[in-house]
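With mmCIF, C-alpha atoms inside, this is run15.cif:
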```cif
data_input
loop_
_atom_site.group_PDB
_atom_site.id
_atom_site.type_symbol
_atom_site.label_atom_id
_atom_site.label_comp_id
_atom_site.auth_asym_id
_atom_site.auth_seq_id
_atom_site.Cartn_x
_atom_site.Cartn_y
_atom_site.Cartn_z
ATOM 1 C CA MET O 1 17.285 33.782 -9.399
ATOM 2 C CA VAL O 2 17.766 31.365 -6.477
ATOM 3 C CA ARG O 3 14.510 29.728 -5.459
ATOM 4 C CA ASN O 4 13.568 29.985 -1.783
ATOM 5 C CA GLN O 5 13.623 26.523 -0.218
ATOM 6 C CA TYR O 6 10.245 27.142 1.405
ATOM 7 C CA ASP O 7 8.712 27.782 -2.019
ATOM 8 C CA MET O 8 10.043 24.499 -3.432
ATOM 9 C CA LYS O 9 7.803 21.522 -3.950
ATOM 10 C CA SER O 10 9.772 18.565 -2.660
ATOM 11 C CA MET O 11 9.192 14.921 -1.842
ATOM 12 C CA ILE O 12 11.456 12.259 -0.360
ATOM 13 C CA PHE O 13 10.712 8.567 -0.825
ATOM 14 C CA ASP O 14 11.706 5.520 1.114
ATOM 15 C CA MET O 15 12.454 2.735 -1.366
ATOM 16 C CA ASP O 16 11.633 -0.725 -0.010
ATOM 17 C CA GLY O 17 7.903 -1.164 0.313
ATOM 18 C CA VAL O 18 7.222 2.251 -1.237
ATOM 19 C CA ILE O 19 8.860 2.295 -4.676
ATOM 20 C CA PHE O 20 9.472 -1.437 -5.007
ATOM 21 C CA ASP O 21 7.520 -4.371 -3.596
ATOM 22 C CA SER O 22 10.765 -5.525 -2.023
ATOM 23 C CA GLU O 23 9.819 -5.956 1.630
ATOM 24 C CA ARG O 24 7.728 -8.994 0.746
ATOM 25 C CA ALA O 25 10.519 -10.367 -1.424
ATOM 26 C CA VAL O 26 13.101 -10.006 1.359
ATOM 27 C CA TYR O 27 10.740 -11.545 3.905
ATOM 28 C CA SER O 28 10.031 -14.482 1.606
ATOM 29 C CA CYS O 29 13.768 -15.124 1.278
ATOM 30 C CA TRP O 30 14.237 -14.967 5.048
ATOM 31 C CA LYS O 31 11.394 -17.453 5.479
ATOM 32 C CA GLN O 32 13.169 -19.809 3.080
ATOM 33 C CA VAL O 33 16.412 -19.524 5.059
ATOM 34 C CA ALA O 34 14.497 -20.017 8.308
ATOM 35 C CA ALA O 35 12.800 -23.167 6.989
ATOM 36 C CA GLU O 36 16.110 -24.624 5.821
ATOM 37 C CA HIS O 37 17.833 -23.999 9.167
ATOM 38 C CA GLY O 38 14.961 -24.480 11.589
ATOM 39 C CA ILE O 39 14.856 -20.847 12.749
ATOM 40 C CA ARG O 40 11.710 -20.065 14.706
ATOM 41 C CA ASP O 41 9.898 -16.715 14.994
ATOM 42 C CA ILE O 42 11.568 -15.239 11.916
ATOM 43 C CA GLU O 43 8.521 -13.021 11.333
ATOM 44 C CA ARG O 44 8.910 -11.195 14.638
ATOM 45 C CA ALA O 45 12.603 -10.555 14.051
ATOM 46 C CA TYR O 46 12.162 -9.475 10.438
ATOM 47 C CA MET O 47 9.283 -7.103 11.141
ATOM 48 C CA ARG O 48 11.440 -5.283 13.693
ATOM 49 C CA THR O 49 14.020 -4.627 10.973
ATOM 50 C CA VAL O 50 11.644 -2.988 8.502
ATOM 51 C CA GLY O 51 12.930 0.502 7.766
ATOM 52 C CA VAL O 52 16.325 0.233 9.482
ATOM 53 C CA ASN O 53 19.833 -0.077 8.063
ATOM 54 C CA ALA O 54 22.064 -3.141 7.839
ATOM 55 C CA VAL O 55 23.927 -2.498 11.088
ATOM 56 C CA THR O 56 20.718 -2.110 13.096
ATOM 57 C CA SER O 57 19.154 -5.145 11.398
ATOM 58 C CA ARG O 58 22.080 -7.277 12.480
ATOM 59 C CA SER O 59 21.757 -6.032 16.058
ATOM 60 C CA ILE O 60 18.040 -6.842 16.101
ATOM 61 C CA PHE O 61 18.602 -10.421 14.910
ATOM 62 C CA LEU O 62 21.307 -10.975 17.533
ATOM 63 C CA GLU O 63 19.004 -9.540 20.187
ATOM 64 C CA GLU O 64 16.216 -11.889 19.103
ATOM 65 C CA PHE O 65 18.271 -15.070 18.648
ATOM 66 C CA GLY O 66 21.383 -14.581 20.791
ATOM 67 C CA GLU O 67 24.924 -13.387 20.251
ATOM 68 C CA ASP O 68 25.995 -16.779 18.861
ATOM 69 C CA PHE O 69 23.358 -16.634 16.085
ATOM 70 C CA PRO O 70 25.260 -16.967 12.746
ATOM 71 C CA TYR O 71 23.573 -13.888 11.300
ATOM 72 C CA ASP O 72 26.243 -13.088 8.713
ATOM 73 C CA ALA O 73 26.092 -16.542 7.144
ATOM 74 C CA TYR O 74 22.292 -16.598 7.074
ATOM 75 C CA LYS O 75 22.131 -13.054 5.745
ATOM 76 C CA LYS O 76 24.481 -14.058 2.926
ATOM 77 C CA GLU O 77 22.122 -16.908 2.007
ATOM 78 C CA GLN O 78 19.090 -14.620 2.170
ATOM 79 C CA SER O 79 20.787 -11.964 0.054
ATOM 80 C CA ALA O 80 21.892 -14.468 -2.591
ATOM 81 C CA GLU O 81 18.347 -15.802 -2.921
ATOM 82 C CA TYR O 82 16.954 -12.264 -3.112
ATOM 83 C CA HIS O 83 19.313 -11.298 -5.933
ATOM 84 C CA ARG O 84 18.612 -14.570 -7.729
ATOM 85 C CA ARG O 85 14.909 -13.789 -7.719
ATOM 86 C CA CYS O 86 14.877 -10.018 -8.195
ATOM 87 C CA ASP O 87 17.921 -8.724 -10.076
ATOM 88 C CA GLY O 88 17.788 -7.545 -13.661
ATOM 89 C CA GLY O 89 14.562 -5.566 -13.397
ATOM 90 C CA ARG O 90 12.464 -8.399 -11.947
ATOM 91 C CA LEU O 91 11.685 -6.566 -8.726
ATOM 92 C CA PRO O 92 8.045 -5.414 -8.989
ATOM 93 C CA LEU O 93 7.215 -1.719 -8.751
ATOM 94 C CA LYS O 94 4.563 -0.689 -6.250
ATOM 95 C CA PRO O 95 1.278 0.212 -7.969
ATOM 96 C CA GLY O 96 1.071 3.886 -8.855
ATOM 97 C CA ILE O 97 4.734 4.788 -8.357
ATOM 98 C CA ARG O 98 5.496 5.534 -11.999
ATOM 99 C CA GLU O 99 2.343 7.597 -12.380
ATOM 100 C CA LEU O 100 3.139 9.544 -9.209
ATOM 101 C CA LEU O 101 6.711 10.234 -10.318
ATOM 102 C CA VAL O 102 5.555 11.445 -13.741
ATOM 103 C CA TYR O 103 3.110 13.795 -12.031
ATOM 104 C CA LEU O 104 5.781 15.149 -9.677
ATOM 105 C CA ARG O 105 8.118 15.869 -12.566
ATOM 106 C CA SER O 106 5.349 17.630 -14.494
ATOM 107 C CA GLU O 107 4.654 19.833 -11.462
ATOM 108 C CA GLY O 108 8.280 20.785 -10.875
ATOM 109 C CA TYR O 109 8.926 18.817 -7.699
ATOM 110 C CA VAL O 110 12.447 17.987 -6.617
ATOM 111 C CA THR O 111 12.619 14.397 -5.430
ATOM 112 C CA ALA O 112 14.925 12.105 -3.495
ATOM 113 C CA ILE O 113 15.217 8.550 -2.252
ATOM 114 C CA ALA O 114 16.304 8.157 1.366
ATOM 115 C CA SER O 115 16.468 4.444 2.082
ATOM 116 C CA SER O 116 18.153 2.282 4.680
ATOM 117 C CA THR O 117 19.387 0.093 1.817
ATOM 118 C CA ARG O 118 22.991 0.732 0.793
ATOM 119 C CA SER O 119 23.329 3.352 -1.922
ATOM 120 C CA ALA O 120 24.890 1.127 -4.616
ATOM 121 C CA LEU O 121 21.951 -1.286 -4.444
ATOM 122 C CA ILE O 122 19.455 1.597 -4.554
ATOM 123 C CA GLU O 123 21.069 2.949 -7.696
ATOM 124 C CA ALA O 124 21.095 -0.494 -9.340
ATOM 125 C CA GLN O 125 17.459 -1.213 -8.530
ATOM 126 C CA VAL O 126 16.304 2.234 -9.644
ATOM 127 C CA ARG O 127 18.219 1.824 -12.896
ATOM 128 C CA ASP O 128 16.900 -1.690 -13.519
ATOM 129 C CA GLY O 129 13.380 -0.509 -12.717
ATOM 130 C CA GLY O 130 13.575 2.231 -15.357
ATOM 131 C CA LEU O 131 13.234 5.055 -12.829
ATOM 132 C CA SER O 132 16.656 6.721 -13.034
ATOM 133 C CA GLY O 133 15.409 10.005 -14.456
ATOM 134 C CA PHE O 134 12.922 10.630 -11.678
ATOM 135 C CA PHE O 135 15.185 11.306 -8.697
ATOM 136 C CA ASP O 136 17.458 14.276 -8.102
ATOM 137 C CA VAL O 137 19.183 12.808 -5.040
ATOM 138 C CA ILE O 138 19.786 9.314 -3.637
ATOM 139 C CA VAL O 139 20.863 8.804 -0.029
ATOM 140 C CA GLY O 140 21.497 5.269 1.204
ATOM 141 C CA GLY O 141 21.768 3.764 4.652
ATOM 142 C CA ASP O 142 25.547 3.602 4.278
ATOM 143 C CA MET O 143 25.734 7.401 3.948
ATOM 144 C CA THR O 144 24.608 8.342 7.468
ATOM 145 C CA GLU O 145 25.742 7.035 10.828
ATOM 146 C CA ARG O 146 22.388 6.718 12.573
ATOM 147 C CA SER O 147 19.568 4.574 11.232
ATOM 148 C CA LYS O 148 15.870 5.394 11.205
ATOM 149 C CA PRO O 149 14.029 6.208 13.475
ATOM 150 C CA ALA O 150 16.682 8.934 13.767
ATOM 151 C CA PRO O 151 15.898 11.583 11.126
ATOM 152 C CA ASP O 152 19.464 11.848 9.778
ATOM 153 C CA ILE O 153 18.892 10.212 6.393
ATOM 154 C CA PHE O 154 15.923 12.474 5.585
ATOM 155 C CA LEU O 155 17.771 15.566 6.776
ATOM 156 C CA GLU O 156 20.704 14.655 4.537
ATOM 157 C CA ALA O 157 18.395 14.177 1.547
ATOM 158 C CA ALA O 158 16.675 17.520 2.188
ATOM 159 C CA LYS O 159 20.056 19.232 2.487
ATOM 160 C CA ARG O 160 21.170 17.821 -0.853
ATOM 161 C CA LEU O 161 17.882 18.859 -2.460
ATOM 162 C CA GLY O 162 18.123 22.337 -0.945
ATOM 163 C CA ALA O 163 14.643 21.815 0.510
ATOM 164 C CA ALA O 164 13.191 22.802 3.882
ATOM 165 C CA PRO O 165 12.027 19.803 5.956
ATOM 166 C CA SER O 166 8.896 21.639 7.088
ATOM 167 C CA SER O 167 7.658 21.879 3.485
ATOM 168 C CA THR O 168 8.910 18.486 2.260
ATOM 169 C CA TYR O 169 6.729 15.394 2.052
ATOM 170 C CA VAL O 170 8.225 12.058 3.080
ATOM 171 C CA VAL O 171 6.514 8.927 1.769
ATOM 172 C CA GLU O 172 7.083 5.907 4.018
ATOM 173 C CA ASP O 173 5.607 2.494 4.704
ATOM 174 C CA SER O 174 7.422 1.630 7.939
ATOM 175 C CA TYR O 175 6.938 2.689 11.534
ATOM 176 C CA ASN O 176 10.603 3.638 11.847
ATOM 177 C CA GLY O 177 10.400 5.709 8.676
ATOM 178 C CA ILE O 178 7.378 7.661 9.881
ATOM 179 C CA ARG O 179 9.062 8.177 13.240
ATOM 180 C CA ALA O 180 12.165 9.521 11.478
ATOM 181 C CA ALA O 181 10.191 11.893 9.251
ATOM 182 C CA TYR O 182 8.189 13.167 12.213
ATOM 183 C CA ALA O 183 11.332 13.677 14.309
ATOM 184 C CA GLY O 184 12.956 15.635 11.482
ATOM 185 C CA GLY O 185 10.063 18.057 11.093
ATOM 186 C CA PHE O 186 8.976 16.753 7.677
ATOM 187 C CA ILE O 187 5.431 16.109 6.415
ATOM 188 C CA PRO O 188 5.056 12.326 6.869
ATOM 189 C CA ILE O 189 2.806 10.429 4.485
ATOM 190 C CA MET O 190 2.263 6.754 5.231
ATOM 191 C CA VAL O 191 1.402 4.201 2.572
ATOM 192 C CA PRO O 192 1.367 0.958 4.603
ATOM 193 C CA ASP O 193 2.929 -2.193 3.216
ATOM 194 C CA LEU O 194 3.635 -5.091 5.601
ATOM 195 C CA LEU O 195 2.770 -3.171 8.758
ATOM 196 C CA PRO O 196 -0.722 -1.688 9.242
ATOM 197 C CA PRO O 197 -0.953 1.757 10.862
ATOM 198 C CA ASP O 198 -1.366 1.785 14.623
ATOM 199 C CA ASP O 199 -2.304 4.632 16.942
ATOM 200 C CA GLU O 200 1.232 6.016 16.943
ATOM 201 C CA MET O 201 1.316 6.110 13.149
ATOM 202 C CA ARG O 202 -2.082 7.789 12.975
ATOM 203 C CA GLU O 203 -0.736 10.444 15.319
ATOM 204 C CA LYS O 204 2.595 11.041 13.574
ATOM 205 C CA ALA O 205 1.639 10.683 9.905
ATOM 206 C CA ARG O 206 0.056 13.753 8.353
ATOM 207 C CA ARG O 207 -1.872 11.493 5.990
ATOM 208 C CA ILE O 208 -2.311 7.736 5.551
ATOM 209 C CA PHE O 209 -3.209 6.420 2.099
ATOM 210 C CA SER O 210 -3.898 2.913 0.853
ATOM 211 C CA ASP O 211 -1.740 3.313 -2.270
ATOM 212 C CA LEU O 212 0.346 5.767 -4.302
ATOM 213 C CA PHE O 213 -2.531 6.623 -6.620
ATOM 214 C CA GLU O 214 -4.207 8.226 -3.623
ATOM 215 C CA VAL O 215 -1.033 10.201 -2.885
ATOM 216 C CA ALA O 216 -1.143 11.681 -6.386
ATOM 217 C CA GLU O 217 -4.809 12.560 -6.051
ATOM 218 C CA PHE O 218 -4.126 14.248 -2.725
ATOM 219 C CA LEU O 219 -1.334 16.359 -4.221
ATOM 220 C CA LYS O 220 -3.481 17.352 -7.175
ATOM 221 C CA GLY O 221 -6.142 18.530 -4.757
ATOM 222 C CA GLU O 222 -3.620 20.449 -2.659
ATOM 223 C CA TYR O 223 -2.261 22.456 -5.548
ATOM 224 C CA HIS O 224 -5.243 22.742 -7.858
ATOM 225 C CA GLU O 225 -8.211 23.551 -5.623
#
```
Give the structure from the file, written as structure tokens.
Amino acid sequence: MVRNQYDMKSMIFDMDGVIFDSERAVYSCWKQVAAEHGIRDIERAYMRTVGVNAVTSRSIFLEEFGEDFPYDAYKKEQSAEYHRRCDGGRLPLKPGIRELLVYLRSEGYVTAIASSTRSALIEAQVRDGGLSGFFDVIVGGDMTERSKPAPDIFLEAAKRLGAAPSSTYVVEDSYNGIRAAYAGGFIPIMVPDLLPPDDEMREKARRIFSDLFEVAEFLKGEYHE
């Protein structure tokens, strides 16, 4: 029997800052590049890129620092330092993610990652982090044309899961991610990382939790009261 998509229990995860503590790692690498090259205000530029894909990130840096800013060269340095520090399973998991994923599997959820990171890197990091068996679908930022805050990446993940957006949770840490989930008609859950919730996030997120343990407790209450 085919299961009705509205009866499915489904959850879509952002990756950076939600599954892995990678936003801080990337930012630390950018700060190193900035110190070496005398780049000012790197924090403002980087924070604007949280949750968006590579193309949009490049545009933001050029907007901040000018069209002659050698973004590609600096990004190559940043990326090399990031991989030097974090490859091979050294990227820390966010607290509570493994426990939450085990719970979701035990309760029959279908799950996806929808991240602005390119899909090959998502797959490598999930594999190295020992999480490969927990996700039914992976959609990367290179698989849709428009970046968050457009909802395309979440809609594509829901389509591949066979899940209805209106009954699918999206777990995000970024403003652009929450905006995208809200625009797509999903159930946005915010677990803040680098960016604290503001009034817009409190309006658009269905729930805001301090960590993923709280997300699991919320779900247990929803389905077992």
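Considering the residues O:Val170, O:Ala114, O:Ile12, O:Met201 and counting all atoms listed in the file, Asp152 in chain O has its shortest atom-to-atom contact with O:Ala114.
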Any chance you could resolve the PyMOL selection byres ((chain O and resi 13) around 10) against this file and give the residues as an MDAnalysis selection string?
chainID O and resid 11:12 14:16 18:19 111:115 135 138 154 157 169:173 177 189
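Restricting the calculation to all atoms listed in the file, the smallest distance between Glu156 in chain O and any of O:Arg44, O:Ser59, O:Arg179, O:Gly184 is found for O:Gly184.
What the PyMOL selection byres ((chain O and resi 192) around 9) matches in the given file is Gly17, Val18, Glu172, Asp173, Ser174, Met190, Val191, Asp193, Leu194, Leu195, Pro196, Pro197, Ile208, Phe209, Ser210 and Asp211 of chain O.
Pairwise distance (CA of Trp30 in chain O, CA of Gly140 in chain O) equals 21.8 Å.
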Care to translate the PyMOL selection byres ((chain O and resi 141) around 9) into actual residues of this file, as a VMD selection string?
chain O and resid 52 to 54 114 to 119 139 to 140 142 to 148 153
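Between Ala158 in chain O and the residues O:Ala216, O:Val110, O:Ala183, O:Leu62, the shortest atom-to-atom distance, using only C-alpha atoms, involves O:Val110.
Here the question is which of O:Leu121, O:Val55, O:Leu155, O:Ile97 gets nearest to Val215 in chain O using only C-alpha atoms, and that residue is O:Ile97.
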Write out as a ChimeraX atom specification which residues come within 10 Å of range 65-68 of chain O when counting all atoms listed in the file, dropping same-chain ones fewer than 6 positions away.
/O:39-42,45,59
